[in-house]
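Undergrad: One structure, as structure tokens, below. Some questions next.
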Amino acid sequence: MAFFTKKTQGGRNIYLALDIGTEVVKALVCMSEGTKGRIIGVGKQQQKLGDMQCGAVTDIGGVIYNCQKAIKEAERMAGVSTIQMIMGIAGELVKGATTTLSYSRREPSTKIDLAELKNIVHKIQWKAFDKVRSELAFETGFNEIDVKLVNAAIVAVQIDGYKVGNPIGFQGKDVDISIFNAFAPLVHFGALQTIGAELNKELMAVTAEPYAVARCMDITDGGNFSSIFIDIGGGTTDIAVVNNGSVDGTRMFNLGGRTFTKRLAQSLNVSFNEAEDVKISYSNDKLEKQSHKIVREAMKSDCEVWLSGVALTLAEFEDTDVLPAKIMLCGGGALLPEIKEVLETREWFKKLPFARKPQIGFIEPQMVSNMVDETKRLKGAQDITPMALANLGLEYVGEEQVLSKILKKIVRLMQI
Ligand SMILES: Nc1ncnc2c1ncn2[C@@H]1O[C@H](COP(=O)(O)OP(=O)(O)OP(=O)(O)O)[C@@H](O)[C@H]1O
Ligand SMILES: [Mg+2]
């Protein structure tokens, strides 16, 4: 009898945030309370080496099994089941960029109403969509039809140079809208949709993870916050650049924690799993002196390669005049001490448009200030990405703002 089952079905304010990482699937059960949310269940499941590579699914069945395990664990802890979820997509080929386009109003003295706003957003989003999609198709060699829209979000609106939150009711001539669009190749996007369907959850959104990470900190200083976010996972390093409160773009490259473990396995002539244990002990400073030295030596050259990956990727942000002099790290891979060390001690930043030497820090779970972790299980860099997804999920559960509502309808049309 349904009355006596322990687990109750959660209401519409309960949702799941699912981060399908190359190395670990992470599931969070969350409860939204307006603009804030509470995390009430956590589940994690290690993936097998063959399940995913570089953020892309290589064994759909294997990944589904791992997701189910992580979700079950999270739901058991929360004591409720979820019906809706937000899912993250990462990987080398996800590309996101913000495009700012201008719309000139024929009658500046009339006030903008809902119908006109719909029309403006529609026109601008189609233009932005075509632009970013053709860039990605060009860069990856994929056919344009095989490139799918993952998500879109309005980052800023200006009317005649003034920033506004909701343009309805305003007069003025030029409406500038900045829209962030993230795309992924069909194979990758399709795999995630299949997984979503198999998990039997209503998909609120599939979102680009670097975008979620870039948005995870509550920006209170008047929207002028600027930072570079780097998420170092098992398979990929994802980079997002945020300038003056808006996400300029996101990029990634195929190097992550697994690369270091593989190197260690080779140098020490041990299995991948043994090397992983050694690496974690090394990171936690648990190795005796001689072993510590050997591991450090093995990590060194790969860290330099990783650093050049960061520099090359940042050089690709051609539209960014000045790079933010602040770097925030997250992802399990960021815990390797050499990562922060190379960023701080090498001269890599000199060839890039930084105004000064960037400061390096970690995103801590409490910095994701809209999400309160009631489970006390979320402690480190590895937990930030799922928390960032949970934070973004709040927007989909809560009452929608007029602009995002309009955009979401257009996005749905574009995803067909
Ligand atoms: N203390 C630590 N020191 C060094 N590396 C660590 C530590 N803890 C975790 N890692 C590494 O972090 C990686 C996993 O991080 P994370 O869970 O963020 O990746 P993921 O989200 O599964 O992967 P991706 O984001 O690339 O898809 C593994 O390679 C693991 O070895
Ligand atoms: Mg990850």
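Ordered as shown in the structure tokens, chains take letters A, B, and onward, while each chain numbers its residues from 1 and ligands are numbered from 1 in the order shown.
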DSSP on the backbone, strand (DSSP E) only: what residues of stretch 188-354 of chain A does that give? Format it as a VMD selection string.
TA: chain A and resid 202 to 208 227 to 232 237 to 243 246 to 253 326 to 330
Undergrad: How would the residues just picked look written out with N, CA, C and O atoms as a short mmCIF file (atom, residue, chain, number, x, y, z; two decimals), in the first residue's frame?
TA:
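Output contents, as saved in again12.cif:
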```cif
data_model
loop_
_atom_site.label_atom_id
_atom_site.label_comp_id
_atom_site.auth_asym_id
_atom_site.auth_seq_id
_atom_site.Cartn_x
_atom_site.Cartn_y
_atom_site.Cartn_z
N GLU A 202 11.47 13.88 -15.64
CA GLU A 202 11.13 14.98 -16.51
C GLU A 202 12.36 15.89 -16.60
O GLU A 202 12.89 16.29 -15.57
N LEU A 203 12.80 16.17 -17.81
CA LEU A 203 14.02 16.95 -17.96
C LEU A 203 13.70 18.45 -17.97
O LEU A 203 13.15 18.97 -18.92
N MET A 204 14.04 19.13 -16.88
CA MET A 204 13.78 20.57 -16.82
C MET A 204 14.73 21.29 -17.75
O MET A 204 14.38 22.22 -18.43
N ALA A 205 15.99 20.84 -17.74
CA ALA A 205 17.00 21.49 -18.58
C ALA A 205 18.24 20.63 -18.69
O ALA A 205 18.58 19.88 -17.78
N VAL A 206 18.88 20.72 -19.84
CA VAL A 206 20.24 20.19 -19.99
C VAL A 206 21.09 21.44 -20.12
O VAL A 206 20.78 22.31 -20.93
N THR A 207 22.11 21.54 -19.32
CA THR A 207 22.85 22.79 -19.35
C THR A 207 24.35 22.55 -19.48
O THR A 207 24.84 21.49 -19.12
N ALA A 208 25.05 23.51 -20.04
CA ALA A 208 26.50 23.39 -20.17
C ALA A 208 27.11 23.63 -18.78
O ALA A 208 26.87 24.66 -18.16
N SER A 227 35.72 37.10 -13.36
CA SER A 227 36.59 36.00 -12.94
C SER A 227 36.71 34.96 -14.04
O SER A 227 35.84 34.86 -14.92
N ILE A 228 37.78 34.18 -13.98
CA ILE A 228 37.91 33.03 -14.86
C ILE A 228 37.62 31.81 -13.99
O ILE A 228 38.15 31.70 -12.88
N PHE A 229 36.74 30.93 -14.46
CA PHE A 229 36.42 29.72 -13.70
C PHE A 229 37.04 28.53 -14.40
O PHE A 229 36.89 28.36 -15.61
N ILE A 230 37.77 27.69 -13.65
CA ILE A 230 38.36 26.49 -14.25
C ILE A 230 37.90 25.26 -13.47
O ILE A 230 38.16 25.14 -12.27
N ASP A 231 37.19 24.37 -14.15
CA ASP A 231 36.72 23.12 -13.55
C ASP A 231 37.58 21.98 -14.10
O ASP A 231 37.49 21.64 -15.28
N ILE A 232 38.42 21.41 -13.24
CA ILE A 232 39.29 20.32 -13.69
C ILE A 232 38.69 19.00 -13.22
O ILE A 232 38.71 18.67 -12.04
N THR A 237 39.16 19.73 -18.79
CA THR A 237 39.29 21.00 -18.07
C THR A 237 38.36 21.98 -18.77
O THR A 237 38.47 22.19 -19.96
N ASP A 238 37.40 22.51 -18.01
CA ASP A 238 36.41 23.43 -18.57
C ASP A 238 36.71 24.84 -18.10
O ASP A 238 36.92 25.06 -16.90
N ILE A 239 36.71 25.75 -19.01
CA ILE A 239 37.02 27.14 -18.66
C ILE A 239 35.88 28.08 -19.03
O ILE A 239 35.33 27.98 -20.12
N ALA A 240 35.51 28.95 -18.12
CA ALA A 240 34.49 29.96 -18.40
C ALA A 240 35.06 31.32 -18.02
O ALA A 240 35.73 31.45 -16.99
N VAL A 241 34.82 32.31 -18.85
CA VAL A 241 35.27 33.66 -18.54
C VAL A 241 34.05 34.54 -18.27
O VAL A 241 33.14 34.61 -19.08
N VAL A 242 34.04 35.14 -17.09
CA VAL A 242 32.95 36.04 -16.72
C VAL A 242 33.50 37.46 -16.61
O VAL A 242 34.47 37.70 -15.90
N ASN A 243 32.93 38.35 -17.38
CA ASN A 243 33.36 39.74 -17.36
C ASN A 243 32.19 40.63 -16.99
O ASN A 243 31.12 40.52 -17.60
N SER A 246 28.75 39.06 -16.71
CA SER A 246 28.16 38.21 -17.75
C SER A 246 29.17 37.22 -18.31
O SER A 246 30.37 37.52 -18.40
N VAL A 247 28.65 36.05 -18.67
CA VAL A 247 29.54 34.98 -19.14
C VAL A 247 29.95 35.28 -20.60
O VAL A 247 29.13 35.27 -21.50
N ASP A 248 31.23 35.55 -20.79
CA ASP A 248 31.74 35.85 -22.14
C ASP A 248 31.73 34.62 -23.03
O ASP A 248 31.47 34.68 -24.21
N GLY A 249 32.10 33.49 -22.43
CA GLY A 249 32.15 32.27 -23.22
C GLY A 249 32.70 31.11 -22.41
O GLY A 249 33.16 31.29 -21.28
N THR A 250 32.59 29.92 -22.97
CA THR A 250 33.10 28.74 -22.29
C THR A 250 33.87 27.89 -23.29
O THR A 250 33.53 27.84 -24.46
N ARG A 251 34.91 27.25 -22.81
CA ARG A 251 35.77 26.41 -23.66
C ARG A 251 36.26 25.23 -22.86
O ARG A 251 36.29 25.29 -21.64
N MET A 252 36.72 24.21 -23.54
CA MET A 252 37.34 23.13 -22.78
C MET A 252 38.42 22.42 -23.53
O MET A 252 38.51 22.52 -24.76
N PHE A 253 39.26 21.70 -22.81
CA PHE A 253 40.24 20.84 -23.48
C PHE A 253 40.36 19.52 -22.71
O PHE A 253 40.02 19.42 -21.53
N LYS A 326 41.50 37.12 -11.90
CA LYS A 326 41.11 36.27 -10.78
C LYS A 326 40.72 34.92 -11.37
O LYS A 326 39.94 34.86 -12.33
N ILE A 327 41.28 33.86 -10.81
CA ILE A 327 40.95 32.52 -11.30
C ILE A 327 40.38 31.70 -10.16
O ILE A 327 40.99 31.60 -9.09
N MET A 328 39.19 31.14 -10.36
CA MET A 328 38.57 30.31 -9.34
C MET A 328 38.57 28.86 -9.82
O MET A 328 38.09 28.56 -10.91
N LEU A 329 39.11 27.97 -8.98
CA LEU A 329 39.24 26.56 -9.38
C LEU A 329 38.17 25.70 -8.72
O LEU A 329 37.76 25.94 -7.59
N CYS A 330 37.76 24.65 -9.45
CA CYS A 330 36.93 23.61 -8.84
C CYS A 330 37.12 22.32 -9.62
O CYS A 330 37.93 22.26 -10.55
#
```
Undergrad: Produce as a PDB file with N, CA, C and O atoms, in the first residue's frame the set of residues near ligand 2, where near means within 9 Å with only C-alpha atoms and all ligand atoms considered.
TA:
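Below you can see part10.pdb, which holds the result:
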```pdb
ATOM      1  N   ASP A  19      25.015  15.512 -12.274  1.00  0.00           N
ATOM      2  CA  ASP A  19      26.273  15.843 -12.950  1.00  0.00           C
ATOM      3  C   ASP A  19      26.912  14.532 -13.402  1.00  0.00           C
ATOM      4  O   ASP A  19      27.404  13.756 -12.584  1.00  0.00           O
ATOM      5  N   ILE A  20      26.855  14.280 -14.701  1.00  0.00           N
ATOM      6  CA  ILE A  20      27.431  13.040 -15.219  1.00  0.00           C
ATOM      7  C   ILE A  20      28.890  13.311 -15.578  1.00  0.00           C
ATOM      8  O   ILE A  20      29.208  13.722 -16.689  1.00  0.00           O
ATOM      9  N   GLY A  21      29.761  13.112 -14.619  1.00  0.00           N
ATOM     10  CA  GLY A  21      31.186  13.375 -14.840  1.00  0.00           C
ATOM     11  C   GLY A  21      31.874  12.161 -15.448  1.00  0.00           C
ATOM     12  O   GLY A  21      31.394  11.041 -15.325  1.00  0.00           O
ATOM     13  N   THR A  22      33.003  12.405 -16.101  1.00  0.00           N
ATOM     14  CA  THR A  22      33.791  11.324 -16.695  1.00  0.00           C
ATOM     15  C   THR A  22      34.178  10.298 -15.630  1.00  0.00           C
ATOM     16  O   THR A  22      34.204   9.099 -15.883  1.00  0.00           O
ATOM     17  N   GLU A  23      34.461  10.794 -14.442  1.00  0.00           N
ATOM     18  CA  GLU A  23      34.990   9.936 -13.389  1.00  0.00           C
ATOM     19  C   GLU A  23      33.906   9.537 -12.383  1.00  0.00           C
ATOM     20  O   GLU A  23      33.836   8.390 -11.968  1.00  0.00           O
ATOM     21  N   VAL A  24      33.086  10.493 -12.007  1.00  0.00           N
ATOM     22  CA  VAL A  24      32.089  10.254 -10.958  1.00  0.00           C
ATOM     23  C   VAL A  24      30.741  10.870 -11.343  1.00  0.00           C
ATOM     24  O   VAL A  24      30.686  12.034 -11.746  1.00  0.00           O
ATOM     25  N   VAL A  25      29.653  10.078 -11.220  1.00  0.00           N
ATOM     26  CA  VAL A  25      28.303  10.639 -11.385  1.00  0.00           C
ATOM     27  C   VAL A  25      27.890  11.187 -10.025  1.00  0.00           C
ATOM     28  O   VAL A  25      28.052  10.521  -9.008  1.00  0.00           O
ATOM     29  N   LYS A  26      27.376  12.414 -10.023  1.00  0.00           N
ATOM     30  CA  LYS A  26      26.965  13.024  -8.759  1.00  0.00           C
ATOM     31  C   LYS A  26      25.514  13.440  -8.854  1.00  0.00           C
ATOM     32  O   LYS A  26      25.123  14.085  -9.825  1.00  0.00           O
ATOM     33  N   GLY A  55      34.570  13.510 -21.056  1.00  0.00           N
ATOM     34  CA  GLY A  55      33.265  14.149 -20.896  1.00  0.00           C
ATOM     35  C   GLY A  55      32.207  13.621 -21.858  1.00  0.00           C
ATOM     36  O   GLY A  55      31.052  14.004 -21.791  1.00  0.00           O
ATOM     37  N   GLY A  88      23.727  18.115 -16.400  1.00  0.00           N
ATOM     38  CA  GLY A  88      24.869  18.871 -16.919  1.00  0.00           C
ATOM     39  C   GLY A  88      25.536  18.152 -18.069  1.00  0.00           C
ATOM     40  O   GLY A  88      25.584  16.939 -18.108  1.00  0.00           O
ATOM     41  N   ILE A  89      26.016  18.913 -19.011  1.00  0.00           N
ATOM     42  CA  ILE A  89      26.751  18.347 -20.127  1.00  0.00           C
ATOM     43  C   ILE A  89      28.120  19.029 -20.165  1.00  0.00           C
ATOM     44  O   ILE A  89      28.237  20.225 -19.999  1.00  0.00           O
ATOM     45  N   ALA A  90      29.149  18.214 -20.327  1.00  0.00           N
ATOM     46  CA  ALA A  90      30.489  18.794 -20.431  1.00  0.00           C
ATOM     47  C   ALA A  90      31.149  18.153 -21.643  1.00  0.00           C
ATOM     48  O   ALA A  90      30.481  17.512 -22.441  1.00  0.00           O
ATOM     49  N   GLU A 209      27.909  22.675 -18.310  1.00  0.00           N
ATOM     50  CA  GLU A 209      28.427  22.777 -16.940  1.00  0.00           C
ATOM     51  C   GLU A 209      29.293  24.011 -16.682  1.00  0.00           C
ATOM     52  O   GLU A 209      29.135  24.651 -15.651  1.00  0.00           O
ATOM     53  N   ASP A 231      37.191  24.368 -14.153  1.00  0.00           N
ATOM     54  CA  ASP A 231      36.717  23.117 -13.549  1.00  0.00           C
ATOM     55  C   ASP A 231      37.577  21.985 -14.102  1.00  0.00           C
ATOM     56  O   ASP A 231      37.490  21.645 -15.281  1.00  0.00           O
ATOM     57  N   ILE A 232      38.419  21.405 -13.243  1.00  0.00           N
ATOM     58  CA  ILE A 232      39.288  20.316 -13.689  1.00  0.00           C
ATOM     59  C   ILE A 232      38.686  19.000 -13.223  1.00  0.00           C
ATOM     60  O   ILE A 232      38.710  18.669 -12.037  1.00  0.00           O
ATOM     61  N   GLY A 233      38.096  18.287 -14.139  1.00  0.00           N
ATOM     62  CA  GLY A 233      37.448  17.026 -13.793  1.00  0.00           C
ATOM     63  C   GLY A 233      38.383  15.855 -14.021  1.00  0.00           C
ATOM     64  O   GLY A 233      39.605  15.997 -13.985  1.00  0.00           O
ATOM     65  N   GLY A 234      37.799  14.690 -14.254  1.00  0.00           N
ATOM     66  CA  GLY A 234      38.613  13.519 -14.520  1.00  0.00           C
ATOM     67  C   GLY A 234      39.117  13.524 -15.954  1.00  0.00           C
ATOM     68  O   GLY A 234      40.262  13.177 -16.226  1.00  0.00           O
ATOM     69  N   GLY A 235      38.266  13.938 -16.873  1.00  0.00           N
ATOM     70  CA  GLY A 235      38.621  13.867 -18.283  1.00  0.00           C
ATOM     71  C   GLY A 235      38.864  15.186 -18.968  1.00  0.00           C
ATOM     72  O   GLY A 235      39.583  15.252 -19.962  1.00  0.00           O
ATOM     73  N   THR A 236      38.258  16.246 -18.444  1.00  0.00           N
ATOM     74  CA  THR A 236      38.385  17.523 -19.151  1.00  0.00           C
ATOM     75  C   THR A 236      38.661  18.678 -18.197  1.00  0.00           C
ATOM     76  O   THR A 236      38.412  18.594 -16.997  1.00  0.00           O
ATOM     77  N   THR A 237      39.165  19.733 -18.791  1.00  0.00           N
ATOM     78  CA  THR A 237      39.293  20.996 -18.075  1.00  0.00           C
ATOM     79  C   THR A 237      38.360  21.982 -18.766  1.00  0.00           C
ATOM     80  O   THR A 237      38.469  22.193 -19.965  1.00  0.00           O
ATOM     81  N   ASP A 238      37.399  22.506 -18.006  1.00  0.00           N
ATOM     82  CA  ASP A 238      36.415  23.427 -18.567  1.00  0.00           C
ATOM     83  C   ASP A 238      36.713  24.839 -18.097  1.00  0.00           C
ATOM     84  O   ASP A 238      36.917  25.064 -16.904  1.00  0.00           O
ATOM     85  N   CYS A 330      37.755  24.647  -9.445  1.00  0.00           N
ATOM     86  CA  CYS A 330      36.932  23.610  -8.844  1.00  0.00           C
ATOM     87  C   CYS A 330      37.121  22.317  -9.620  1.00  0.00           C
ATOM     88  O   CYS A 330      37.933  22.257 -10.553  1.00  0.00           O
ATOM     89  N   GLY A 331      36.401  21.263  -9.231  1.00  0.00           N
ATOM     90  CA  GLY A 331      36.584  19.948  -9.843  1.00  0.00           C
ATOM     91  C   GLY A 331      37.634  19.168  -9.072  1.00  0.00           C
ATOM     92  O   GLY A 331      38.575  19.756  -8.519  1.00  0.00           O
ATOM     93  N   GLY A 332      37.460  17.847  -9.011  1.00  0.00           N
ATOM     94  CA  GLY A 332      38.377  17.007  -8.243  1.00  0.00           C
ATOM     95  C   GLY A 332      39.832  17.150  -8.671  1.00  0.00           C
ATOM     96  O   GLY A 332      40.752  17.141  -7.849  1.00  0.00           O
ATOM     97  N   GLN A 382      35.362  18.977  -5.668  1.00  0.00           N
ATOM     98  CA  GLN A 382      34.657  18.007  -6.500  1.00  0.00           C
ATOM     99  C   GLN A 382      33.133  18.207  -6.456  1.00  0.00           C
ATOM    100  O   GLN A 382      32.427  17.778  -7.355  1.00  0.00           O
ATOM    101  N   ASP A 383      32.647  18.835  -5.406  1.00  0.00           N
ATOM    102  CA  ASP A 383      31.204  18.987  -5.219  1.00  0.00           C
ATOM    103  C   ASP A 383      30.638  20.267  -5.824  1.00  0.00           C
ATOM    104  O   ASP A 383      29.432  20.474  -5.830  1.00  0.00           O
ATOM    105  N   ILE A 384      31.500  21.128  -6.312  1.00  0.00           N
ATOM    106  CA  ILE A 384      31.035  22.428  -6.800  1.00  0.00           C
ATOM    107  C   ILE A 384      30.174  22.312  -8.055  1.00  0.00           C
ATOM    108  O   ILE A 384      29.116  22.942  -8.142  1.00  0.00           O
ATOM    109  N   THR A 385      30.603  21.504  -9.026  1.00  0.00           N
ATOM    110  CA  THR A 385      29.843  21.417 -10.281  1.00  0.00           C
ATOM    111  C   THR A 385      28.396  20.964 -10.049  1.00  0.00           C
ATOM    112  O   THR A 385      27.475  21.624 -10.520  1.00  0.00           O
ATOM    113  N   PRO A 386      28.160  19.861  -9.308  1.00  0.00           N
ATOM    114  CA  PRO A 386      26.760  19.508  -9.051  1.00  0.00           C
ATOM    115  C   PRO A 386      26.008  20.592  -8.276  1.00  0.00           C
ATOM    116  O   PRO A 386      24.827  20.845  -8.536  1.00  0.00           O
TER     117      PRO A 386
END
```
Undergrad: To one decimal place, how far is atom CA of A:Val29 from atom CA of A:Ala334 in Å?
TA: 24.8 Å
Undergrad: Suppose you want the space between atom CA of A:Leu336 and atom 9 (C, counted along the ligand's line) of ligand 1; what is it in Å?
TA: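 Atom-to-atom, atom CA of A:Leu336 to atom 9 (C, counted along the ligand's line) of ligand 1, that is 7.8 Å.
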Undergrad: Pick the closest to ligand 1 from A:Gln45, A:Asn151, A:Gln84, A:Asn391: which is it, counting only C-alpha atoms and all ligand atoms?
TA: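 Looking at the shortest contact to ligand 1, the residue is A:Gln45.
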Undergrad: To one decimal place, how far is atom 20 (P, counted along the ligand's line) of ligand 1 from atom CA of A:Pro324 in Å?
TA: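 Between these atoms lies a distance of 25.2 Å.
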Undergrad: Give me, as a short mmCIF file (atom, residue, chain, number, x, y, z; two decimals) with all heavy atoms, in the first residue's frame, all polymer residues having an atom no more than 12 Å from A:Arg38, counting only C-alpha atoms and skipping those fewer than 5 positions away in the same chain.
TA:
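Writing the result to around_25.cif gives the following:
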```cif
data_model
loop_
_atom_site.label_atom_id
_atom_site.label_comp_id
_atom_site.auth_asym_id
_atom_site.auth_seq_id
_atom_site.Cartn_x
_atom_site.Cartn_y
_atom_site.Cartn_z
N ASN A 13 8.45 21.35 -5.94
CA ASN A 13 9.60 22.13 -5.47
C ASN A 13 10.82 21.25 -5.21
O ASN A 13 11.87 21.71 -4.81
CB ASN A 13 9.24 22.94 -4.22
CG ASN A 13 8.88 22.05 -3.05
OD1 ASN A 13 8.42 20.91 -3.25
ND2 ASN A 13 9.10 22.53 -1.85
N ILE A 14 10.67 19.95 -5.43
CA ILE A 14 11.79 19.02 -5.26
C ILE A 14 12.36 18.70 -6.63
O ILE A 14 11.61 18.44 -7.57
CB ILE A 14 11.31 17.69 -4.62
CG1 ILE A 14 10.61 17.94 -3.29
CG2 ILE A 14 12.44 16.69 -4.49
CD1 ILE A 14 11.53 18.14 -2.14
N TYR A 15 13.65 18.76 -6.76
CA TYR A 15 14.25 18.41 -8.05
C TYR A 15 15.62 17.78 -7.85
O TYR A 15 16.21 17.85 -6.79
CB TYR A 15 14.34 19.64 -8.96
CG TYR A 15 15.24 20.74 -8.44
CD1 TYR A 15 16.54 20.87 -8.91
CD2 TYR A 15 14.79 21.63 -7.47
CE1 TYR A 15 17.38 21.88 -8.42
CE2 TYR A 15 15.62 22.63 -6.99
CZ TYR A 15 16.91 22.75 -7.47
OH TYR A 15 17.73 23.73 -6.99
N LEU A 16 16.08 17.17 -8.95
CA LEU A 16 17.36 16.48 -8.91
C LEU A 16 18.36 17.24 -9.77
O LEU A 16 18.03 17.69 -10.86
CB LEU A 16 17.13 15.08 -9.49
CG LEU A 16 18.32 14.13 -9.50
CD1 LEU A 16 18.52 13.53 -8.12
CD2 LEU A 16 18.10 13.03 -10.52
N ALA A 17 19.59 17.37 -9.28
CA ALA A 17 20.66 17.93 -10.10
C ALA A 17 21.61 16.78 -10.40
O ALA A 17 22.12 16.14 -9.47
CB ALA A 17 21.38 19.05 -9.36
N LEU A 28 22.25 15.22 -6.71
CA LEU A 28 21.81 15.97 -5.52
C LEU A 28 20.29 16.10 -5.55
O LEU A 28 19.73 16.48 -6.57
CB LEU A 28 22.41 17.38 -5.51
CG LEU A 28 23.92 17.55 -5.57
CD1 LEU A 28 24.29 19.03 -5.49
CD2 LEU A 28 24.60 16.80 -4.44
N VAL A 29 19.65 15.79 -4.44
CA VAL A 29 18.22 16.04 -4.32
C VAL A 29 18.07 17.39 -3.63
O VAL A 29 18.67 17.62 -2.57
CB VAL A 29 17.50 14.94 -3.51
CG1 VAL A 29 16.03 15.31 -3.29
CG2 VAL A 29 17.59 13.60 -4.23
N CYS A 30 17.31 18.28 -4.27
CA CYS A 30 17.21 19.64 -3.75
C CYS A 30 15.76 20.03 -3.55
O CYS A 30 14.86 19.53 -4.21
CB CYS A 30 17.82 20.63 -4.71
SG CYS A 30 19.40 20.11 -5.37
N MET A 31 15.60 21.00 -2.66
CA MET A 31 14.27 21.53 -2.38
C MET A 31 14.35 23.03 -2.58
O MET A 31 15.18 23.70 -1.96
CB MET A 31 13.90 21.19 -0.94
CG MET A 31 12.48 21.59 -0.58
SD MET A 31 12.21 21.34 1.16
CE MET A 31 11.75 19.63 1.19
N SER A 32 13.52 23.55 -3.48
CA SER A 32 13.60 24.98 -3.74
C SER A 32 12.65 25.74 -2.82
O SER A 32 11.52 25.31 -2.56
CB SER A 32 13.29 25.26 -5.20
OG SER A 32 12.11 25.98 -5.34
N GLU A 33 13.18 26.84 -2.31
CA GLU A 33 12.34 27.72 -1.49
C GLU A 33 12.53 29.13 -2.02
O GLU A 33 13.34 29.90 -1.52
CB GLU A 33 12.78 27.62 -0.02
CG GLU A 33 12.23 26.38 0.63
CD GLU A 33 12.87 26.06 1.97
OE1 GLU A 33 13.81 26.79 2.38
OE2 GLU A 33 12.42 25.11 2.60
N ALA A 78 17.45 11.60 1.09
CA ALA A 78 16.47 12.68 1.20
C ALA A 78 15.13 12.17 1.72
O ALA A 78 14.35 12.94 2.28
CB ALA A 78 16.28 13.35 -0.16
N VAL A 368 28.67 28.89 -2.91
CA VAL A 368 27.46 28.73 -3.73
C VAL A 368 26.31 29.10 -2.79
O VAL A 368 25.62 28.26 -2.22
CB VAL A 368 27.31 27.28 -4.25
CG1 VAL A 368 26.14 27.15 -5.22
CG2 VAL A 368 28.59 26.82 -4.92
N SER A 369 26.17 30.42 -2.60
CA SER A 369 25.41 30.89 -1.44
C SER A 369 23.90 30.67 -1.53
O SER A 369 23.22 30.72 -0.52
CB SER A 369 25.71 32.36 -1.20
OG SER A 369 25.56 33.07 -2.39
N ASN A 370 23.39 30.41 -2.73
CA ASN A 370 21.94 30.16 -2.82
C ASN A 370 21.55 28.74 -2.43
O ASN A 370 20.39 28.44 -2.27
CB ASN A 370 21.44 30.44 -4.24
CG ASN A 370 21.32 31.92 -4.51
OD1 ASN A 370 21.14 32.70 -3.59
ND2 ASN A 370 21.47 32.30 -5.75
N MET A 371 22.55 27.87 -2.32
CA MET A 371 22.26 26.47 -1.98
C MET A 371 22.83 26.14 -0.60
O MET A 371 24.02 26.32 -0.37
CB MET A 371 22.88 25.51 -2.99
CG MET A 371 22.35 25.61 -4.41
SD MET A 371 20.57 25.43 -4.63
CE MET A 371 20.23 23.84 -3.95
N VAL A 372 21.98 25.68 0.27
CA VAL A 372 22.45 25.30 1.60
C VAL A 372 22.54 23.78 1.66
O VAL A 372 21.58 23.08 1.36
CB VAL A 372 21.48 25.81 2.69
CG1 VAL A 372 21.96 25.40 4.07
CG2 VAL A 372 21.34 27.32 2.59
N ASP A 373 23.73 23.29 2.03
CA ASP A 373 23.92 21.84 2.09
C ASP A 373 23.51 21.32 3.46
O ASP A 373 24.26 21.44 4.43
CB ASP A 373 25.39 21.51 1.80
CG ASP A 373 25.70 20.07 2.13
OD1 ASP A 373 24.80 19.23 2.00
OD2 ASP A 373 26.86 19.79 2.53
N GLU A 374 22.35 20.72 3.53
CA GLU A 374 21.89 20.19 4.83
C GLU A 374 22.43 18.81 5.10
O GLU A 374 22.31 18.30 6.21
CB GLU A 374 20.36 20.20 4.85
CG GLU A 374 19.83 21.61 4.80
CD GLU A 374 18.38 21.71 5.15
OE1 GLU A 374 17.67 20.71 5.09
OE2 GLU A 374 17.96 22.84 5.50
N THR A 375 23.04 18.19 4.11
CA THR A 375 23.55 16.83 4.31
C THR A 375 24.94 16.84 4.96
O THR A 375 25.38 15.84 5.47
CB THR A 375 23.68 16.10 2.97
OG1 THR A 375 24.71 16.72 2.19
CG2 THR A 375 22.39 16.14 2.17
N LYS A 376 25.60 17.97 4.88
CA LYS A 376 26.98 18.13 5.38
C LYS A 376 27.95 17.17 4.68
O LYS A 376 28.98 16.81 5.22
CB LYS A 376 27.04 17.90 6.91
CG LYS A 376 26.13 18.80 7.71
CD LYS A 376 26.82 20.13 8.03
CE LYS A 376 25.95 21.06 8.83
NZ LYS A 376 24.92 21.78 8.05
N MET A 387 26.69 21.26 -7.36
CA MET A 387 26.02 22.35 -6.62
C MET A 387 25.65 23.49 -7.55
O MET A 387 24.60 24.12 -7.41
CB MET A 387 26.93 22.89 -5.51
CG MET A 387 27.07 21.95 -4.34
SD MET A 387 28.03 22.70 -3.01
CE MET A 387 26.80 23.74 -2.22
N ALA A 390 22.61 22.53 -9.36
CA ALA A 390 21.48 22.67 -8.45
C ALA A 390 21.05 24.13 -8.36
O ALA A 390 19.87 24.47 -8.40
CB ALA A 390 21.84 22.15 -7.07
N ASN A 391 22.05 25.01 -8.29
CA ASN A 391 21.79 26.45 -8.21
C ASN A 391 21.07 26.95 -9.45
O ASN A 391 20.11 27.72 -9.38
CB ASN A 391 23.14 27.16 -8.02
CG ASN A 391 23.01 28.66 -8.06
OD1 ASN A 391 22.29 29.24 -7.25
ND2 ASN A 391 23.67 29.28 -9.01
N GLY A 393 19.28 25.11 -11.38
CA GLY A 393 17.98 24.44 -11.37
C GLY A 393 16.91 25.28 -10.70
O GLY A 393 15.74 25.24 -11.07
N LEU A 394 17.33 26.08 -9.70
CA LEU A 394 16.39 26.95 -8.99
C LEU A 394 15.60 27.83 -9.96
O LEU A 394 14.41 28.07 -9.77
CB LEU A 394 17.15 27.88 -8.04
CG LEU A 394 17.62 27.32 -6.70
CD1 LEU A 394 18.44 28.36 -5.98
CD2 LEU A 394 16.42 26.91 -5.86
#
```
Undergrad: For A:Trp126, please output as a ChimeraX atom specification all residues within 12 Å (counting only C-alpha atoms; exclusion window: fewer than 4 positions along the same chain).
TA: /A:99,101,119-122,130-133,149,152,179,181,407,410-411,413-414
Undergrad: For each of A:Val402, A:Ala355, A:Lys95, A:Ile60, take the minimum atom-to-atom distance to A:Phe180, counting only C-alpha atoms, then give the residue where this is smallest.
TA: A:Lys95
